[in-house]
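> Got a structure here, written out as structure tokens. Questions coming.
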Amino acid sequence: MTRLHQLALVTIIGLSVPTAIVTFQPTPVMAQEQRLSGVFGDNKWTVSIFYERDAYRYTATKIGDKTGLDLAGATIGGTRDRRTYTWSNGDTRYQAIWQQKDPDFIRVRVLSPGGTEIFNRLLKRQEEGC
């Protein structure tokens, strides 16, 4: 083999090996953050939270009562592991506290205009059709 052929062979191998290594390396996948969504309740209350039209919607209904509350446009606070979603209705604040590691429960709090807690309940995710 001539020196020119050897140089050409080394160049071809040298250019193709790094490409093969890059091609076969696994691509890391970033964990996607879940969104709070669903229907939660107990024997007295049902709270639905859904993300639609670029806003979180909160609907609360007392079981056996036809009246309810429907709010949109939550502010989101807390940490990545424990999110606090807050809706305002006048000076009254409605909060849903949700942990991604325990997605089947939310804590719902209602705070009066003065900041006094007037409602605090742990609600469990409801199965479809409930």
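Each chain in the structure tokens gets a letter, A, B, ..., in the order shown, and its residues are numbered from 1; ligands are numbered from 1 in order too.
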Taking 5 positions as the minimum chain separation for residues in the same chain, which residues sit within 12 Å of A:Asn43 when counting only C-alpha atoms? Answer as a list in words.
Thr61, Lys62, Ile63, Gly64, Arg121, Leu122, Leu123, Lys124, Gln126 and Cys130 of chain A
> Mind writing the picked residues with all heavy atoms as a PDB file, in the first residue's frame?

```pdb
ATOM      1  N   THR A  61     -67.654  23.062  43.964  1.00  0.00           N
ATOM      2  CA  THR A  61     -69.086  22.828  44.157  1.00  0.00           C
ATOM      3  C   THR A  61     -69.286  22.069  45.456  1.00  0.00           C
ATOM      4  O   THR A  61     -68.605  21.079  45.713  1.00  0.00           O
ATOM      5  CB  THR A  61     -69.665  21.988  43.002  1.00  0.00           C
ATOM      6  OG1 THR A  61     -69.331  22.611  41.766  1.00  0.00           O
ATOM      7  CG2 THR A  61     -71.163  21.854  43.111  1.00  0.00           C
ATOM      8  N   LYS A  62     -70.243  22.541  46.246  1.00  0.00           N
ATOM      9  CA  LYS A  62     -70.629  21.808  47.445  1.00  0.00           C
ATOM     10  C   LYS A  62     -71.602  20.719  47.006  1.00  0.00           C
ATOM     11  O   LYS A  62     -72.591  20.999  46.319  1.00  0.00           O
ATOM     12  CB  LYS A  62     -71.273  22.737  48.474  1.00  0.00           C
ATOM     13  CG  LYS A  62     -71.523  22.081  49.795  1.00  0.00           C
ATOM     14  CD  LYS A  62     -71.967  23.089  50.836  1.00  0.00           C
ATOM     15  CE  LYS A  62     -72.129  22.398  52.175  1.00  0.00           C
ATOM     16  NZ  LYS A  62     -72.510  23.339  53.221  1.00  0.00           N
ATOM     17  N   ILE A  63     -71.325  19.474  47.389  1.00  0.00           N
ATOM     18  CA  ILE A  63     -72.168  18.349  46.978  1.00  0.00           C
ATOM     19  C   ILE A  63     -73.580  18.528  47.534  1.00  0.00           C
ATOM     20  O   ILE A  63     -73.765  18.871  48.692  1.00  0.00           O
ATOM     21  CB  ILE A  63     -71.542  17.018  47.438  1.00  0.00           C
ATOM     22  CG1 ILE A  63     -70.216  16.824  46.692  1.00  0.00           C
ATOM     23  CG2 ILE A  63     -72.480  15.844  47.202  1.00  0.00           C
ATOM     24  CD1 ILE A  63     -69.411  15.635  47.117  1.00  0.00           C
ATOM     25  N   GLY A  64     -74.569  18.333  46.666  1.00  0.00           N
ATOM     26  CA  GLY A  64     -75.962  18.509  47.052  1.00  0.00           C
ATOM     27  C   GLY A  64     -76.454  19.930  46.912  1.00  0.00           C
ATOM     28  O   GLY A  64     -77.624  20.224  47.112  1.00  0.00           O
ATOM     29  N   ARG A 121     -59.042  21.854  53.441  1.00  0.00           N
ATOM     30  CA  ARG A 121     -59.436  20.446  53.253  1.00  0.00           C
ATOM     31  C   ARG A 121     -58.464  19.743  52.332  1.00  0.00           C
ATOM     32  O   ARG A 121     -58.010  20.310  51.340  1.00  0.00           O
ATOM     33  CB  ARG A 121     -60.818  20.362  52.630  1.00  0.00           C
ATOM     34  CG  ARG A 121     -61.944  20.481  53.610  1.00  0.00           C
ATOM     35  CD  ARG A 121     -63.246  20.237  52.858  1.00  0.00           C
ATOM     36  NE  ARG A 121     -63.928  19.063  53.311  1.00  0.00           N
ATOM     37  CZ  ARG A 121     -64.770  19.052  54.337  1.00  0.00           C
ATOM     38  NH1 ARG A 121     -64.990  20.142  55.015  1.00  0.00           N
ATOM     39  NH2 ARG A 121     -65.387  17.947  54.666  1.00  0.00           N
ATOM     40  N   LEU A 122     -58.210  18.479  52.655  1.00  0.00           N
ATOM     41  CA  LEU A 122     -57.438  17.621  51.786  1.00  0.00           C
ATOM     42  C   LEU A 122     -58.424  16.856  50.916  1.00  0.00           C
ATOM     43  O   LEU A 122     -59.320  16.178  51.421  1.00  0.00           O
ATOM     44  CB  LEU A 122     -56.590  16.641  52.596  1.00  0.00           C
ATOM     45  CG  LEU A 122     -55.652  15.755  51.810  1.00  0.00           C
ATOM     46  CD1 LEU A 122     -54.575  16.592  51.111  1.00  0.00           C
ATOM     47  CD2 LEU A 122     -54.997  14.726  52.730  1.00  0.00           C
ATOM     48  N   LEU A 123     -58.290  16.977  49.590  1.00  0.00           N
ATOM     49  CA  LEU A 123     -59.219  16.345  48.662  1.00  0.00           C
ATOM     50  C   LEU A 123     -58.484  15.310  47.824  1.00  0.00           C
ATOM     51  O   LEU A 123     -57.344  15.530  47.409  1.00  0.00           O
ATOM     52  CB  LEU A 123     -59.865  17.388  47.761  1.00  0.00           C
ATOM     53  CG  LEU A 123     -60.633  18.513  48.463  1.00  0.00           C
ATOM     54  CD1 LEU A 123     -61.190  19.487  47.439  1.00  0.00           C
ATOM     55  CD2 LEU A 123     -61.732  17.962  49.344  1.00  0.00           C
ATOM     56  N   LYS A 124     -59.162  14.198  47.561  1.00  0.00           N
ATOM     57  CA  LYS A 124     -58.594  13.072  46.815  1.00  0.00           C
ATOM     58  C   LYS A 124     -59.100  13.109  45.375  1.00  0.00           C
ATOM     59  O   LYS A 124     -60.239  13.475  45.118  1.00  0.00           O
ATOM     60  CB  LYS A 124     -59.017  11.764  47.480  1.00  0.00           C
ATOM     61  CG  LYS A 124     -58.398  10.529  46.886  1.00  0.00           C
ATOM     62  CD  LYS A 124     -58.867   9.295  47.669  1.00  0.00           C
ATOM     63  CE  LYS A 124     -58.169   8.042  47.298  1.00  0.00           C
ATOM     64  NZ  LYS A 124     -58.259   7.596  45.957  1.00  0.00           N
ATOM     65  N   GLN A 126     -60.787  12.117  42.125  1.00  0.00           N
ATOM     66  CA  GLN A 126     -61.984  11.325  41.874  1.00  0.00           C
ATOM     67  C   GLN A 126     -61.826  10.560  40.569  1.00  0.00           C
ATOM     68  O   GLN A 126     -61.255  11.077  39.608  1.00  0.00           O
ATOM     69  CB  GLN A 126     -63.222  12.226  41.789  1.00  0.00           C
ATOM     70  CG  GLN A 126     -63.429  13.081  43.034  1.00  0.00           C
ATOM     71  CD  GLN A 126     -63.721  12.252  44.248  1.00  0.00           C
ATOM     72  OE1 GLN A 126     -64.759  11.604  44.309  1.00  0.00           O
ATOM     73  NE2 GLN A 126     -62.816  12.249  45.213  1.00  0.00           N
ATOM     74  N   CYS A 130     -67.401   9.822  38.502  1.00  0.00           N
ATOM     75  CA  CYS A 130     -67.897   9.978  39.887  1.00  0.00           C
ATOM     76  C   CYS A 130     -68.624  11.273  40.037  1.00  0.00           C
ATOM     77  O   CYS A 130     -68.310  12.246  39.457  1.00  0.00           O
ATOM     78  CB  CYS A 130     -66.744   9.924  40.873  1.00  0.00           C
ATOM     79  SG  CYS A 130     -66.055   8.285  41.040  1.00  0.00           S
TER      80      CYS A 130
END
```
> Between A:Ala72, A:Ile118, A:Val47, A:Val39, which is the closest to A:Asp104 once you count only C-alpha atoms?
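Nearest candidate to A:Asp104 out of A:Ala72, A:Ile118, A:Val47, A:Val39: A:Val39.
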> Would you mind listing what lies within 12 Å of stretch 81-93 of chain A as a PyMOL selection string, with only C-alpha atoms counted and same-chain residues fewer than 3 positions away left out?
chain A and resi 33-37+49-51+55-60+69-78+96-103+105-119
> List the neighbours of A:Asp65 out to 12 Å using only C-alpha atoms; skip same-chain residues closer than 6 positions along the sequence, and give me the result as a PyMOL selection string.
chain A and resi 44-46
> Write a file of the just-selected residues containing all heavy atoms, as a PDB file, in the first residue's frame.

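That gives us again20.pdb:
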```pdb
ATOM      1  N   LYS A  44     -68.149  16.133  50.879  1.00  0.00           N
ATOM      2  CA  LYS A  44     -68.871  17.405  50.904  1.00  0.00           C
ATOM      3  C   LYS A  44     -68.537  18.346  49.748  1.00  0.00           C
ATOM      4  O   LYS A  44     -69.353  19.196  49.398  1.00  0.00           O
ATOM      5  CB  LYS A  44     -68.591  18.137  52.219  1.00  0.00           C
ATOM      6  CG  LYS A  44     -69.174  17.434  53.417  1.00  0.00           C
ATOM      7  CD  LYS A  44     -69.019  18.251  54.667  1.00  0.00           C
ATOM      8  CE  LYS A  44     -69.638  17.488  55.830  1.00  0.00           C
ATOM      9  NZ  LYS A  44     -69.597  18.227  57.064  1.00  0.00           N
ATOM     10  N   TRP A  45     -67.349  18.215  49.172  1.00  0.00           N
ATOM     11  CA  TRP A  45     -66.895  19.176  48.174  1.00  0.00           C
ATOM     12  C   TRP A  45     -66.290  18.492  46.957  1.00  0.00           C
ATOM     13  O   TRP A  45     -65.667  17.448  47.075  1.00  0.00           O
ATOM     14  CB  TRP A  45     -65.838  20.121  48.755  1.00  0.00           C
ATOM     15  CG  TRP A  45     -66.402  21.055  49.761  1.00  0.00           C
ATOM     16  CD1 TRP A  45     -66.466  20.875  51.116  1.00  0.00           C
ATOM     17  CD2 TRP A  45     -67.024  22.307  49.514  1.00  0.00           C
ATOM     18  NE1 TRP A  45     -67.072  21.939  51.711  1.00  0.00           N
ATOM     19  CE2 TRP A  45     -67.421  22.843  50.744  1.00  0.00           C
ATOM     20  CE3 TRP A  45     -67.275  23.046  48.347  1.00  0.00           C
ATOM     21  CZ2 TRP A  45     -68.061  24.065  50.851  1.00  0.00           C
ATOM     22  CZ3 TRP A  45     -67.912  24.265  48.460  1.00  0.00           C
ATOM     23  CH2 TRP A  45     -68.294  24.760  49.699  1.00  0.00           C
ATOM     24  N   THR A  46     -66.450  19.135  45.812  1.00  0.00           N
ATOM     25  CA  THR A  46     -65.785  18.726  44.580  1.00  0.00           C
ATOM     26  C   THR A  46     -65.082  19.955  44.015  1.00  0.00           C
ATOM     27  O   THR A  46     -65.688  21.021  43.877  1.00  0.00           O
ATOM     28  CB  THR A  46     -66.786  18.196  43.539  1.00  0.00           C
ATOM     29  OG1 THR A  46     -67.454  17.073  44.084  1.00  0.00           O
ATOM     30  CG2 THR A  46     -66.087  17.785  42.262  1.00  0.00           C
TER      31      THR A  46
END
```
> Among stretch 20-100 of chain A, which ones does DSSP place in strand (DSSP E or B), written as a VMD selection string?
chain A and resid 38 to 41 45 to 52 55 to 62 68 to 72 75 to 78 82 to 89 92 to 99
> What would the file look like if the residues just selected were written as a JSON list (two decimals), in the first residue's frame with C-alpha atoms?

```json
[["chain", "number", "residue", "atom", "x", "y", "z"],
["A", 38, "GLY", "CA", -58.36, 16.72, 37.50],
["A", 39, "VAL", "CA", -61.38, 16.45, 39.76],
["A", 40, "PHE", "CA", -60.76, 16.18, 43.49],
["A", 41, "GLY", "CA", -63.26, 15.76, 46.28],
["A", 45, "TRP", "CA", -66.90, 19.18, 48.17],
["A", 46, "THR", "CA", -65.78, 18.73, 44.58],
["A", 47, "VAL", "CA", -63.02, 20.87, 43.10],
["A", 48, "SER", "CA", -62.09, 20.67, 39.42],
["A", 49, "ILE", "CA", -58.83, 22.15, 38.19],
["A", 50, "PHE", "CA", -57.91, 22.23, 34.52],
["A", 51, "TYR", "CA", -55.45, 24.08, 32.32],
["A", 52, "GLU", "CA", -57.20, 25.59, 29.31],
["A", 55, "ALA", "CA", -54.86, 29.59, 32.26],
["A", 56, "TYR", "CA", -55.72, 27.36, 35.19],
["A", 57, "ARG", "CA", -59.45, 27.11, 35.87],
["A", 58, "TYR", "CA", -60.84, 26.35, 39.35],
["A", 59, "THR", "CA", -64.43, 25.18, 39.88],
["A", 60, "ALA", "CA", -65.70, 24.33, 43.37],
["A", 61, "THR", "CA", -69.09, 22.83, 44.16],
["A", 62, "LYS", "CA", -70.63, 21.81, 47.44],
["A", 68, "GLY", "CA", -70.59, 26.81, 42.88],
["A", 69, "LEU", "CA", -67.63, 28.99, 42.12],
["A", 70, "ASP", "CA", -65.71, 29.23, 38.85],
["A", 71, "LEU", "CA", -62.41, 31.13, 38.67],
["A", 72, "ALA", "CA", -59.66, 31.41, 36.07],
["A", 75, "THR", "CA", -50.82, 32.60, 39.98],
["A", 76, "ILE", "CA", -48.35, 29.81, 40.68],
["A", 77, "GLY", "CA", -45.89, 29.81, 43.54],
["A", 78, "GLY", "CA", -44.10, 27.42, 45.83],
["A", 82, "ARG", "CA", -44.80, 21.61, 45.97],
["A", 83, "ARG", "CA", -46.82, 24.05, 43.88],
["A", 84, "THR", "CA", -49.33, 26.55, 45.23],
["A", 85, "TYR", "CA", -51.99, 27.73, 42.75],
["A", 86, "THR", "CA", -53.85, 30.85, 43.90],
["A", 87, "TRP", "CA", -57.02, 32.36, 42.43],
["A", 88, "SER", "CA", -58.54, 35.61, 43.63],
["A", 89, "ASN", "CA", -62.21, 36.48, 43.89],
["A", 92, "THR", "CA", -60.72, 36.36, 48.96],
["A", 93, "ARG", "CA", -57.99, 33.92, 47.88],
["A", 94, "TYR", "CA", -58.53, 30.29, 46.87],
["A", 95, "GLN", "CA", -55.50, 28.02, 46.93],
["A", 96, "ALA", "CA", -54.76, 24.51, 45.70],
["A", 97, "ILE", "CA", -51.54, 23.06, 47.04],
["A", 98, "TRP", "CA", -50.25, 20.11, 45.01],
["A", 99, "GLN", "CA", -47.20, 17.90, 45.12]]
```
